[in-house]
file model_8.cif (mmCIF, C-alpha atoms)
data_work
loop_
_atom_site.label_atom_id
_atom_site.label_comp_id
_atom_site.auth_asym_id
_atom_site.auth_seq_id
_atom_site.Cartn_x
_atom_site.Cartn_y
_atom_site.Cartn_z
CA MET R 905 126.96 -29.24 42.22
CA GLU R 906 128.64 -26.95 44.75
CA ASP R 907 132.15 -26.57 46.11
CA GLU R 908 133.06 -26.58 49.81
CA ASP R 909 132.15 -22.86 50.02
CA GLY R 910 128.68 -23.49 48.68
CA LYS R 911 129.38 -21.93 45.26
CA PRO R 912 128.21 -23.61 42.04
CA VAL R 913 130.96 -25.40 40.11
CA VAL R 914 130.95 -25.26 36.34
CA LYS R 915 131.29 -28.78 35.00
CA GLU R 916 134.07 -28.38 32.45
CA ASN R 917 133.88 -31.95 31.06
CA LYS R 918 137.60 -31.89 30.47
CA ASP R 919 138.64 -34.69 32.81
CA HIS R 920 138.66 -37.14 29.88
CA GLN R 921 141.38 -35.22 28.04
CA ILE R 922 144.63 -37.16 27.62
CA LEU R 923 147.81 -35.63 29.05
CA ASP R 924 151.43 -36.68 29.05
CA THR R 925 152.70 -37.49 32.54
CA LEU R 926 156.34 -36.80 33.33
CA ASP R 927 159.05 -37.88 35.71
CA THR R 928 160.89 -35.39 37.92
CA GLU R 929 163.30 -34.64 35.07
CA GLY R 930 160.53 -33.73 32.64
CA THR R 931 160.67 -36.89 30.55
CA CYS R 932 157.38 -38.28 29.31
CA ILE R 933 156.76 -41.70 30.87
CA PHE R 934 153.11 -42.49 30.08
CA THR R 935 149.72 -40.90 29.43
CA ARG R 936 146.74 -40.46 31.71
CA THR R 937 143.41 -38.67 31.64
CA ARG R 938 143.39 -35.13 32.97
CA GLY R 939 141.14 -36.21 35.82
CA ALA R 940 143.59 -38.90 36.92
CA VAL R 941 146.57 -36.54 36.59
CA THR R 942 145.06 -33.88 38.86
CA GLU R 943 143.58 -36.39 41.30
CA LYS R 944 146.83 -38.33 41.78
CA GLY R 945 149.11 -35.25 41.65
CA LEU R 946 151.16 -36.44 38.67
CA TRP R 947 153.69 -34.26 36.84
CA HIS R 948 152.28 -32.89 33.58
CA ARG R 949 152.88 -30.18 30.96
CA TYR R 950 151.40 -26.69 31.19
CA VAL R 951 151.78 -23.32 29.44
CA HIS R 952 151.68 -19.65 30.44
CA VAL R 953 151.21 -16.96 27.79
CA TRP R 954 151.97 -13.36 28.76
CA VAL R 955 150.64 -10.75 26.32
CA LEU R 956 152.91 -7.72 26.75
CA ASN R 957 151.53 -4.24 26.07
CA LEU R 958 154.78 -2.48 25.14
CA PRO R 959 153.55 1.16 25.04
CA ASP R 960 152.04 0.90 28.52
CA SER R 961 154.64 -1.44 30.06
CA ALA R 962 151.81 -3.75 31.10
CA VAL R 963 150.59 -7.32 30.63
CA LEU R 964 147.11 -8.54 29.78
CA MET R 965 145.50 -10.45 32.64
CA GLN R 966 142.13 -12.06 33.13
CA LEU R 967 140.01 -12.43 36.24
CA ARG R 968 139.21 -16.13 36.35
CA ALA R 969 135.51 -16.90 36.65
CA PRO R 970 134.55 -17.45 40.30
CA GLU R 971 133.02 -20.82 39.39
CA LYS R 972 136.33 -22.15 38.06
CA LYS R 973 137.41 -25.32 39.83
CA ARG R 974 140.88 -23.88 40.58
CA PHE R 975 141.89 -20.32 41.44
CA GLY R 976 138.44 -18.89 40.74
CA GLY R 977 138.15 -15.11 41.20
CA MET R 978 141.91 -14.56 40.85
CA TRP R 979 143.94 -12.65 38.26
CA ASN R 980 146.15 -14.68 35.93
CA CYS R 981 147.73 -14.69 32.51
CA THR R 982 146.43 -17.00 29.79
CA SER R 983 147.32 -20.53 30.85
CA GLY R 984 146.33 -24.13 30.24
CA PHE R 985 147.14 -27.81 30.00
CA VAL R 986 149.13 -29.27 27.11
CA MET R 987 147.43 -32.25 25.49
CA SER R 988 149.36 -35.45 24.92
CA GLY R 989 151.83 -35.17 22.03
CA MET R 990 151.03 -31.48 21.41
CA PRO R 991 153.91 -28.97 21.13
CA SER R 992 153.65 -26.32 23.84
CA LEU R 993 153.50 -23.56 21.19
CA GLU R 994 150.35 -25.10 19.75
CA ALA R 995 148.87 -25.25 23.22
CA CYS R 996 149.64 -21.54 23.69
CA LYS R 997 147.91 -20.64 20.44
CA LYS R 998 144.88 -22.78 21.31
CA HIS R 999 144.39 -21.35 24.80
CA LEU R 1000 144.93 -17.73 23.74
CA ASP R 1001 142.42 -18.13 20.92
CA THR R 1002 139.90 -19.89 23.17
CA GLU R 1003 140.19 -17.52 26.13
CA SER R 1004 140.58 -14.13 24.39
CA GLY R 1005 139.99 -14.67 20.69
CA MET R 1006 143.48 -13.43 19.81
CA ARG R 1007 145.49 -15.17 17.10
CA PHE R 1008 149.11 -14.51 16.22
CA ASP R 1009 151.65 -16.02 13.85
CA ASP R 1010 154.12 -18.48 15.35
CA HIS R 1011 157.02 -16.00 15.27
CA MET R 1012 155.12 -13.69 17.65
CA TYR R 1013 155.39 -16.25 20.45
CA GLU R 1014 158.74 -16.01 22.20
CA PHE R 1015 159.66 -18.95 24.37
CA VAL R 1016 161.24 -17.58 27.55
CA PHE R 1017 161.92 -20.53 29.89
CA SER R 1018 160.54 -23.67 31.51
CA CYS R 1019 160.20 -24.33 35.21
CA LYS R 1020 158.85 -26.91 37.65
CA GLU R 1021 155.99 -25.79 39.86
CA ILE R 1022 154.04 -27.44 42.64
CA SER R 1023 151.00 -25.40 43.55
CA VAL R 1024 148.48 -26.38 46.17
CA PHE R 1025 144.87 -25.23 45.97
CA LYS R 1026 142.31 -26.38 48.53
CA GLY R 1027 144.43 -29.41 49.37
CA GLU R 1028 144.98 -30.46 45.75
CA ALA R 1029 148.62 -30.48 44.58
CA LEU R 1030 149.24 -29.62 40.94
CA LYS R 1031 152.67 -30.68 39.69
CA GLN R 1032 153.45 -28.84 36.48
CA TRP R 1033 156.28 -28.36 34.00
CA ILE R 1034 155.44 -24.87 32.75
CA ASP R 1035 156.60 -23.52 29.38
CA VAL R 1036 156.44 -19.73 29.51
CA TYR R 1037 155.84 -17.66 26.37
CA VAL R 1038 155.55 -13.92 25.76
CA VAL R 1039 153.74 -12.16 22.92
CA SER R 1040 154.97 -8.55 22.64
CA LEU R 1041 152.60 -6.05 21.01
CA LYS R 1042 153.45 -2.54 19.81
CA ARG R 1043 149.76 -1.92 19.09
CA PRO R 1044 147.86 -3.88 21.72
CA PRO R 1045 144.09 -4.18 21.31
CA GLU R 1046 141.78 -2.06 23.43
CA LEU R 1047 140.13 -4.07 26.18
CA HIS R 1048 136.59 -3.58 24.91
CA LYS R 1049 137.60 -5.09 21.57
CA ILE R 1050 138.93 -8.32 23.08
CA PHE R 1051 136.61 -11.31 23.11
CA TYR R 1052 136.71 -13.54 26.14
CA ASP R 1053 134.81 -16.62 27.24
CA ILE R 1054 132.68 -15.73 30.27
CA LYS R 1055 132.98 -19.33 31.43
CA GLU R 1056 136.71 -18.75 31.74
CA ALA R 1057 136.98 -15.10 32.82
CA THR R 1058 134.76 -12.27 34.01
CA GLU R 1059 137.08 -9.34 33.29
CA LEU R 1060 140.25 -8.37 31.45
CA LYS R 1061 142.72 -5.62 32.27
CA TYR R 1062 146.25 -4.48 31.54
CA VAL R 1063 148.33 -4.71 34.70
CA GLY R 1064 151.50 -2.62 34.93
CA ILE R 1065 154.74 -4.56 35.28
CA GLY R 1066 155.47 -2.64 38.49
CA GLU R 1067 152.08 -3.56 39.93
CA LEU R 1068 152.62 -7.21 39.09
CA GLU R 1069 156.08 -7.17 40.67
CA GLN R 1070 154.52 -5.63 43.78
CA ALA R 1071 151.89 -8.38 43.80
CA TYR R 1072 154.64 -11.01 43.78
CA HIS R 1073 156.55 -9.17 46.49
CA ASP R 1074 153.47 -8.87 48.72
CA GLN R 1075 152.15 -12.34 47.79
CA ASP R 1076 148.86 -10.69 46.87
CA PRO R 1077 146.06 -13.29 47.25
CA ASN R 1078 144.16 -11.69 44.35
CA PHE R 1079 146.73 -13.00 41.85
CA VAL R 1080 147.70 -16.51 40.79
CA LEU R 1081 151.39 -16.47 41.70
CA VAL R 1082 153.95 -19.10 40.77
CA ALA R 1083 155.89 -20.18 43.85
CA ALA R 1084 158.97 -21.43 41.97
CA PRO R 1085 161.66 -18.91 43.03
CA ASP R 1086 163.17 -18.45 39.56
CA TYR R 1087 159.85 -17.86 37.82
CA SER R 1088 159.27 -14.21 38.73
CA ARG R 1089 162.95 -13.30 38.45
CA ARG R 1090 163.29 -14.71 34.94
CA LEU R 1091 159.89 -13.41 33.81
CA PHE R 1092 160.45 -9.81 34.94
CA HIS R 1093 164.00 -9.80 33.59
CA PHE R 1094 162.65 -10.72 30.17
CA LEU R 1095 159.71 -8.28 30.28
CA HIS R 1096 161.91 -5.37 31.32
CA LYS R 1097 164.39 -6.22 28.57
CA LYS R 1098 161.64 -6.22 25.95
CA ILE R 1099 160.34 -2.88 27.19
CA ARG R 1100 163.84 -1.34 27.18
CA ASN R 1101 164.42 -2.51 23.62
CA TYR R 1102 161.06 -1.07 22.57
CA LEU R 1103 161.81 2.28 24.21
CA ASP R 1104 165.24 2.42 22.61
CA MET R 1105 163.58 2.16 19.19
CA LEU R 1106 161.16 5.02 19.83
CA PRO R 1107 161.95 8.46 18.44
CA LYS R 1108 163.08 10.73 21.26
CA ILE R 1109 160.19 13.16 21.18
CA ASP R 1110 159.75 14.87 24.51
CA SER R 1111 156.25 15.69 25.66
CA ASP R 1112 157.53 19.24 26.19
CA GLU R 1113 158.19 19.50 22.46
CA GLU R 1114 154.76 18.09 21.73
CA ARG R 1115 153.33 21.09 23.54
CA HIS R 1116 155.00 23.42 21.04
CA ASN R 1117 158.14 23.68 23.12
CA LYS R 1118 156.53 26.06 25.63
CA LYS R 1119 158.51 24.63 28.51
CA GLY R 1120 161.71 24.94 26.53
CA GLN R 1121 161.27 28.70 26.53
CA GLN R 1122 160.89 28.97 30.30
CA LEU R 1123 163.53 31.13 31.95
CA LEU R 1124 165.64 29.51 34.65
CA ASP R 1125 168.16 30.97 37.06
CA ARG R 1126 171.62 30.27 35.74
CA ILE R 1127 174.15 29.34 38.44
CA GLY R 1128 177.56 30.85 37.87
CA ASP R 1129 180.19 29.19 40.05
CA VAL R 1130 178.65 26.36 42.08
CA ALA R 1131 181.81 26.27 44.20
CA LEU R 1132 180.62 29.54 45.78
CA LEU R 1133 177.44 28.02 47.17
CA GLN R 1134 177.65 28.58 50.94
CA GLN R 1135 174.43 27.11 52.26
CA PRO R 1136 171.22 25.41 51.13
CA GLN R 1137 169.14 27.51 48.73
CA ASP R 1138 171.88 30.16 48.54
CA LEU R 1139 171.01 32.32 45.54
CA GLY R 1140 174.05 34.58 45.74
CA VAL R 1141 175.73 32.92 42.78
CA ILE R 1142 172.89 33.41 40.29
CA VAL R 1143 173.90 35.22 37.12
CA GLU R 1144 171.93 36.10 33.98
CA PRO R 1145 168.95 33.79 33.30
CA CYS R 1146 168.88 31.12 30.61
CA LYS R 1147 166.15 29.35 28.71
CA ARG R 1148 165.36 25.80 29.71
CA ASN R 1149 166.43 24.50 26.29
CA GLU R 1150 169.78 26.24 26.74
CA ALA R 1151 170.22 24.61 30.12
CA TYR R 1152 169.96 21.27 28.32
CA THR R 1153 171.93 21.92 25.15
CA GLU R 1154 174.73 23.92 26.79
CA SER R 1155 174.88 21.97 30.11
CA VAL R 1156 174.24 25.11 32.15
CA TRP R 1157 174.04 24.85 35.94
CA HIS R 1158 170.45 25.59 37.03
CA ARG R 1159 168.11 24.94 39.95
CA ALA R 1160 165.71 22.02 40.42
CA VAL R 1161 163.85 20.06 43.07
CA HIS R 1162 163.52 16.37 43.89
CA VAL R 1163 160.51 15.30 45.95
CA TRP R 1164 160.45 11.86 47.56
CA VAL R 1165 157.08 10.64 48.80
CA PHE R 1166 157.78 8.35 51.75
CA ASP R 1167 155.33 5.87 53.29
CA VAL R 1168 156.82 6.08 56.76
CA GLU R 1169 154.62 3.29 58.13
CA THR R 1170 156.08 0.58 55.91
CA GLY R 1171 159.35 2.17 54.79
CA ARG R 1172 158.36 2.43 51.12
CA LEU R 1173 158.87 5.18 48.56
CA LEU R 1174 156.47 6.19 45.80
CA LEU R 1175 158.19 6.04 42.41
CA GLN R 1176 156.85 7.12 39.04
CA LEU R 1177 157.67 5.70 35.63
CA ARG R 1178 158.50 8.52 33.26
CA SER R 1179 156.79 8.38 29.89
CA PRO R 1180 158.92 6.71 27.20
CA LYS R 1181 158.38 9.83 25.08
CA LYS R 1182 160.33 11.91 27.55
CA ARG R 1183 163.68 12.77 26.02
CA HIS R 1184 165.39 12.85 29.40
CA PHE R 1185 165.27 9.62 31.43
CA GLY R 1186 162.35 8.35 29.33
CA GLY R 1187 160.97 5.00 30.50
CA LYS R 1188 162.80 5.12 33.84
CA TRP R 1189 161.59 5.11 37.44
CA ASN R 1190 162.26 8.26 39.50
CA CYS R 1191 160.81 10.58 42.13
CA SER R 1192 158.92 13.78 41.30
CA THR R 1193 161.23 16.44 39.89
CA GLY R 1194 160.87 19.99 38.70
CA HIS R 1195 162.83 22.91 37.29
CA ILE R 1196 162.73 26.05 39.43
CA LYS R 1197 161.73 29.00 37.29
CA MET R 1198 163.69 32.24 37.38
CA GLY R 1199 163.23 34.03 40.69
CA ASP R 1200 161.00 31.37 42.23
CA PRO R 1201 161.71 29.71 45.59
CA ALA R 1202 162.16 25.95 45.67
CA LEU R 1203 159.28 24.91 47.95
CA PRO R 1204 156.37 25.99 45.70
CA THR R 1205 158.04 24.11 42.84
CA ALA R 1206 158.24 21.00 45.01
CA LEU R 1207 154.55 21.32 45.88
CA LYS R 1208 153.54 21.79 42.26
CA SER R 1209 155.60 18.81 41.09
CA VAL R 1210 153.75 16.20 43.20
CA GLN R 1211 150.39 17.84 42.56
CA ASP R 1212 150.90 17.77 38.80
CA ASP R 1213 152.78 14.46 38.47
CA VAL R 1214 150.71 12.13 40.64
CA GLY R 1215 147.68 14.19 41.69
CA LEU R 1216 148.43 14.69 45.39
CA LYS R 1217 146.28 17.81 45.32
CA ASP R 1218 145.65 18.13 49.06
CA VAL R 1219 149.26 18.51 50.20
CA LYS R 1220 150.45 21.83 51.57
CA GLU R 1221 153.88 23.41 51.76
CA SER R 1222 153.96 22.69 55.50
CA ASP R 1223 153.87 18.94 54.71
CA PHE R 1224 157.30 19.06 53.08
CA GLU R 1225 160.56 18.44 54.92
CA TYR R 1226 163.73 19.92 53.46
CA MET R 1227 166.52 17.33 53.51
CA PHE R 1228 169.58 18.72 51.76
CA GLN R 1229 170.98 20.33 48.65
CA ALA R 1230 173.03 18.38 46.11
CA LEU R 1231 174.94 19.00 42.93
CA VAL R 1232 173.73 16.58 40.26
CA GLU R 1233 175.67 15.98 37.07
CA MET R 1234 174.53 13.11 34.84
CA ASP R 1235 173.75 11.99 31.31
CA THR R 1236 169.99 12.02 30.70
CA GLY R 1237 170.06 9.67 27.74
CA GLY R 1238 168.62 12.48 25.61
CA ASP R 1239 171.83 13.98 24.20
CA CYS R 1240 172.24 16.13 27.30
CA PHE R 1241 174.64 16.23 30.24
CA LEU R 1242 172.50 17.64 33.03
CA LYS R 1243 173.92 20.03 35.64
CA GLN R 1244 171.55 20.91 38.48
CA VAL R 1245 171.67 22.39 41.95
CA VAL R 1246 168.92 20.25 43.51
CA ASP R 1247 166.95 20.96 46.65
CA VAL R 1248 165.79 17.58 47.94
CA TYR R 1249 162.49 17.39 49.81
CA LEU R 1250 160.64 14.66 51.69
CA LEU R 1251 156.85 14.35 51.71
CA VAL R 1252 155.87 11.95 54.50
CA ILE R 1253 152.66 9.95 54.33
CA PRO R 1254 150.54 9.32 56.22
CA ASN R 1255 150.30 12.69 57.94
CA GLU R 1256 147.55 14.11 60.09
CA ALA R 1257 147.12 17.30 58.10
CA THR R 1258 146.31 16.08 54.59
CA TYR R 1259 146.75 12.32 54.09
CA PRO R 1260 145.86 10.36 57.25
CA THR R 1261 146.13 7.12 55.24
CA VAL R 1262 148.60 6.07 52.57
CA PRO R 1263 147.14 6.81 49.10
CA ASP R 1264 146.23 3.77 47.07
CA LEU R 1265 147.99 3.64 43.70
CA ALA R 1266 144.70 3.42 41.84
CA SER R 1267 143.52 6.69 43.44
CA LEU R 1268 146.40 8.73 42.04
CA SER R 1269 145.92 10.90 38.95
CA LEU R 1270 148.95 10.65 36.66
CA ALA R 1271 150.11 13.45 34.38
CA LYS R 1272 149.38 12.39 30.81
CA GLY R 1273 152.49 12.31 28.68
CA GLU R 1274 154.69 12.68 31.77
CA VAL R 1275 154.02 9.72 34.06
CA ASP R 1276 152.91 6.31 32.83
CA GLU R 1277 152.81 4.33 36.07
CA VAL R 1278 153.43 4.54 39.82
CA ALA R 1279 154.61 1.94 42.31
CA TYR R 1280 155.81 1.69 45.90
CA ILE R 1281 159.32 0.35 46.47
CA GLU R 1282 160.93 -0.64 49.74
CA LEU R 1283 163.79 1.52 51.00
CA GLU R 1284 166.16 -1.45 51.13
CA ARG R 1285 165.33 -2.42 47.56
CA LEU R 1286 166.00 1.12 46.29
CA GLN R 1287 169.33 1.21 48.11
CA GLU R 1288 170.24 -2.08 46.48
CA ILE R 1289 169.41 -0.64 43.06
CA TRP R 1290 171.36 2.56 43.74
CA SER R 1291 174.42 0.59 44.82
CA THR R 1292 175.14 -0.47 41.24
CA SER R 1293 178.42 0.78 39.82
CA SER R 1294 176.97 1.41 36.35
CA PRO R 1295 173.83 3.29 35.19
CA HIS R 1296 170.71 1.21 35.87
CA PRO R 1297 168.57 0.53 32.78
CA ASP R 1298 165.26 1.00 34.61
CA TYR R 1299 165.94 3.58 37.34
CA VAL R 1300 167.34 7.09 37.57
CA VAL R 1301 170.20 6.75 40.05
CA PRO R 1302 171.56 10.02 41.51
CA PRO R 1303 175.32 10.16 40.96
CA GLY R 1304 177.77 10.54 43.80
CA GLU R 1305 177.94 8.97 47.22
CA ASP R 1306 177.02 12.24 48.96
CA TYR R 1307 173.41 12.28 47.71
CA ARG R 1308 172.85 8.61 48.41
CA SER R 1309 174.36 8.47 51.89
CA ARG R 1310 172.54 11.58 53.11
CA PHE R 1311 169.29 10.41 51.54
CA PHE R 1312 169.21 6.96 53.13
CA PHE R 1313 170.48 8.26 56.48
CA HIS R 1314 167.71 10.88 56.63
CA LEU R 1315 164.95 8.44 55.66
CA ARG R 1316 166.04 5.78 58.13
CA GLN R 1317 166.15 8.37 60.90
CA ARG R 1318 162.70 9.57 59.91
CA TYR R 1319 161.37 5.98 59.88
CA LYS R 1320 162.92 5.23 63.27
CA LYS R 1321 161.53 8.40 64.82
CA TYR R 1322 158.02 7.70 63.53
CA HIS R 1323 157.91 4.17 64.94
CA GLU R 1324 159.46 5.16 68.26
CA LEU R 1325 156.73 7.77 68.62
CA ALA R 1326 154.09 5.23 67.65
CA ILE R 1327 155.30 2.93 70.45
CA ASP R 1328 155.90 5.52 73.15
CA GLY R 1329 153.07 7.90 72.22
CA PRO R 1330 153.34 11.69 71.95
CA SER R 1331 155.38 13.52 74.54
CA THR R 1332 153.47 14.95 77.49
CA ASP R 1333 156.25 17.35 78.51
CA ALA R 1334 155.13 20.91 79.04
#
call {"tool": "encode", "arguments": {"input": "model_8.cif", "output": "structure tokens"}}
result
Amino acid sequence: MEDEDGKPVVKENKDHQILDTLDTEGTCIFTRTRGAVTEKGLWHRYVHVWVLNLPDSAVLMQLRAPEKKRFGGMWNCTSGFVMSGMPSLEACKKHLDTESGMRFDDHMYEFVFSCKEISVFKGEALKQWIDVYVVSLKRPPELHKIFYDIKEATELKYVGIGELEQAYHDQDPNFVLVAAPDYSRRLFHFLHKKIRNYLDMLPKIDSDEERHNKKGQQLLDRIGDVALLQQPQDLGVIVEPCKRNEAYTESVWHRAVHVWVFDVETGRLLLQLRSPKKRHFGGKWNCSTGHIKMGDPALPTALKSVQDDVGLKDVKESDFEYMFQALVEMDTGGDCFLKQVVDVYLLVIPNEATYPTVPDLASLSLAKGEVDEVAYIELERLQEIWSTSSPHPDYVVPPGEDYRSRFFFHLRQRYKKYHELAIDGPSTDA
């Protein structure tokens, strides 16, 4: 037996199963066989189970077997029909056990919400009332230790929350995506909340301290009176040096860089999720940053930061565009009020010299203990996040209107210039 694409279809022999059929308000009205329910497009009960890997801010997903009757070869969470009269929690436990061999006590399953969904696959409309559950794990199993039924799935992987959000934003055809507008909003709100609560409970042990506090002993240029700064990168106000630890504990003005990697073709920025072990801004999304060591210029520090953080090894100093200098004062969340004179740089991709195409996220090499995940975010979305009047729980938001207004003005001008040049072509003036 083959489908319309000529691929063999696995006969699941599940069409005889009895399901509850529902009205548009979710009330059970009668029972029908599964085959009749799917054939006639009747409302029925369904469950989604998201297994949340708290340390990695990721969810367990399975690649559905290509022979599956619906959504074969696509990534999805554990999901399945609810048999007639069965509580949805019992259905969750049954499907998770069947599909991945994982068993958890009832209290581990957190009911998040229910929603109505009409999904159409190859002309067949599935009308479902979905109960969504999340199982949050502080010690998630390694992938190679998870059993899975090869008739159901061909591969398992942990997908970062940021990557899954991007898949929903881009409507990635490789994922099974729920069309109901509230589904993704409510799901990601809950997942981010669980991750924030988990991070808040972690001991604040910075990866710098794990490396015997070597970075804490680095000498930085101490800025005396920042009011005397006359121009970008003016070093005339530098006084005696200080150790990096002192800059934190004593809130000493010192020098730093911010590097924003900008996909100028699509107007997206590359963000990195700082490791939850980082004392300062742990578990938050930010650009590449770096402290400028005593006597060093800013540009080499900017270069080193993106090479070390995300593995952009081929970039050169000539690829960087200096944008502006800003005074940054903010609470890091690690018992420190940070005071930095920041040189802000832009690294535009693609560029002819080193990165003619935009790097794929999977190709980037992340600094262990420093960066847990990377994601692209649209410029408009970042501006929306930065417009909040209070500190954002998931993003580092530069304080002060000056940084934000100059930043977005510069990037929009750069985006406009790139696309005008792409339309008009390079100038032929002598």
call {"tool": "resolve_selection", "arguments": {"input": "model_8.cif", "expression": "the PyMOL selection byres ((chain R and resi 1099-1107) around 12)", "output": "count of residues only"}}
result
41
call {"tool": "residues_around", "arguments": {"input": "model_8.cif", "residues": "segment 1015-1019 of chain R", "least_positions_apart": "4", "cutoff": "8 Å", "atoms": "all atoms listed in the file", "output": "number ranges by chain"}}
result
R: 1033-1038, 1084, 1086-1087, 1090-1091, 1094
call {"tool": "atom_distance", "arguments": {"input": "model_8.cif", "atom1": "atom CA of Val1245 of chain R", "atom2": "atom CA of Ser1269 of chain R"}}
result
28.4 Å
call {"tool": "residues_around", "arguments": {"input": "model_8.cif", "residues": "segment 1022-1026 of chain R", "least_positions_apart": "3", "cutoff": "10 Å", "atoms": "all atoms listed in the file", "output": "ChimeraX atom specification"}}
result
/R:908,945,947,973-975,1029-1033,1080-1084
call {"tool": "atom_distance", "arguments": {"input": "model_8.cif", "atom1": "atom CA of Leu1047 of chain R", "atom2": "atom CA of Glu1277 of chain R"}}
result
18.1 Å
call {"tool": "atom_distance", "arguments": {"input": "model_8.cif", "atom1": "atom CA of Met1227 of chain R", "atom2": "atom CA of Leu1315 of chain R"}}
result
9.3 Å
call {"tool": "closest_atom_pairs", "arguments": {"input": "model_8.cif", "of": "segment 1185-1205 of chain R", "to": "segment 1214-1218 of chain R", "cutoff": "12 Å", "atoms": "all atoms listed in the file", "output": "Markdown table"}}
result
| residue | atom | partner | partner_atom | distance |
| --- | --- | --- | --- | --- |
| R:Cys1191 | CA | R:Val1214 | CA | 10.3 |
| R:Ser1192 | CA | R:Val1214 | CA | 8.4 |
| R:Thr1193 | CA | R:Val1214 | CA | 11.4 |
call {"tool": "residues_around", "arguments": {"input": "model_8.cif", "residues": "segment 1257-1265 of chain R", "least_positions_apart": "2", "cutoff": "8 Å", "atoms": "only C-alpha atoms", "output": "mmCIF file with C-alpha atoms, in the frame of the given file"}}
result
data_model
loop_
_atom_site.group_PDB
_atom_site.id
_atom_site.type_symbol
_atom_site.label_atom_id
_atom_site.label_comp_id
_atom_site.auth_asym_id
_atom_site.auth_seq_id
_atom_site.Cartn_x
_atom_site.Cartn_y
_atom_site.Cartn_z
ATOM 1 C CA ASP R 1167 155.330 5.870 53.290
ATOM 2 C CA ASP R 1218 145.650 18.130 49.060
ATOM 3 C CA VAL R 1219 149.260 18.510 50.200
ATOM 4 C CA LYS R 1220 150.450 21.830 51.570
ATOM 5 C CA ASP R 1223 153.870 18.940 54.710
ATOM 6 C CA ILE R 1253 152.660 9.950 54.330
ATOM 7 C CA PRO R 1254 150.540 9.320 56.220
ATOM 8 C CA ASN R 1255 150.300 12.690 57.940
ATOM 9 C CA SER R 1267 143.520 6.690 43.440
ATOM 10 C CA LEU R 1268 146.400 8.730 42.040
ATOM 11 C CA VAL R 1278 153.430 4.540 39.820
ATOM 12 C CA ALA R 1279 154.610 1.940 42.310
#
call {"tool": "axis_aligned_box", "arguments": {"input": "model_8.cif", "around": "segment 1144-1149 of chain R", "padding_each_side": "5 Å", "output": "lines of an AutoDock Vina configuration file"}}
result
center_x = 168.6
center_y = 30.3
center_z = 30.1
size_x = 16.6
size_y = 21.6
size_z = 17.7
call {"tool": "resolve_selection", "arguments": {"input": "model_8.cif", "expression": "the PyMOL selection byres ((chain R and resi 976-991) around 6)", "output": "ChimeraX atom specification"}}
result
/R:922-924,949-954,965-972,974-975,992-995,1078-1080
call {"tool": "closest_residue", "arguments": {"input": "model_8.cif", "among": "R:Thr1170, R:Ser1004, R:Thr928, R:Thr1236", "to": "Tyr1322 of chain R", "atoms": "all atoms listed in the file"}}
result
R:Thr1170
call {"tool": "closest_residue", "arguments": {"input": "model_8.cif", "among": "R:Asp1125, R:Glu1256, R:Glu1150, R:Asp1200", "to": "Leu1242 of chain R", "atoms": "all atoms listed in the file"}}
result
R:Glu1150
call {"tool": "resolve_selection", "arguments": {"input": "model_8.cif", "expression": "the PyMOL selection byres ((chain R and resi 1161) around 7)", "output": "compact mmCIF listing (two decimals) with C-alpha atoms, keeping the file's coordinate frame"}}
result
# COMPACT_ATOMS: atom_id res chain seq x y z
CA ALA R 1160 165.71 22.02 40.42
CA HIS R 1162 163.52 16.37 43.89
CA VAL R 1163 160.51 15.30 45.95
CA THR R 1193 161.23 16.44 39.89
CA GLY R 1194 160.87 19.99 38.70
CA HIS R 1195 162.83 22.91 37.29
CA ALA R 1202 162.16 25.95 45.67
CA ALA R 1206 158.24 21.00 45.01
CA VAL R 1246 168.92 20.25 43.51
CA ASP R 1247 166.95 20.96 46.65
CA VAL R 1248 165.79 17.58 47.94
call {"tool": "closest_residue", "arguments": {"input": "model_8.cif", "among": "R:Thr1002, R:Ser1291, R:Gln1244, R:Gln1070", "to": "Tyr1152 of chain R", "atoms": "all atoms listed in the file"}}
result
R:Gln1244
call {"tool": "build_atoms", "arguments": {"input": "model_8.cif", "residues": "segment 994-998 of chain R", "atoms": "N, CA, C and O atoms", "output": "short mmCIF file (atom, residue, chain, number, x, y, z; two decimals), in the coordinates of the input"}}
result
data_model
loop_
_atom_site.label_atom_id
_atom_site.label_comp_id
_atom_site.auth_asym_id
_atom_site.auth_seq_id
_atom_site.Cartn_x
_atom_site.Cartn_y
_atom_site.Cartn_z
N GLU R 994 151.71 -24.89 20.21
CA GLU R 994 150.35 -25.10 19.75
C GLU R 994 149.35 -24.96 20.89
O GLU R 994 148.24 -24.45 20.70
N ALA R 995 149.74 -25.41 22.06
CA ALA R 995 148.87 -25.25 23.22
C ALA R 995 148.67 -23.77 23.54
O ALA R 995 147.56 -23.34 23.88
N CYS R 996 149.74 -22.98 23.45
CA CYS R 996 149.64 -21.54 23.69
C CYS R 996 148.64 -20.90 22.73
O CYS R 996 147.76 -20.13 23.14
N LYS R 997 148.79 -21.22 21.45
CA LYS R 997 147.91 -20.64 20.44
C LYS R 997 146.45 -21.04 20.69
O LYS R 997 145.54 -20.21 20.58
N LYS R 998 146.24 -22.29 21.06
CA LYS R 998 144.88 -22.78 21.31
C LYS R 998 144.25 -22.07 22.49
O LYS R 998 143.10 -21.60 22.41
#
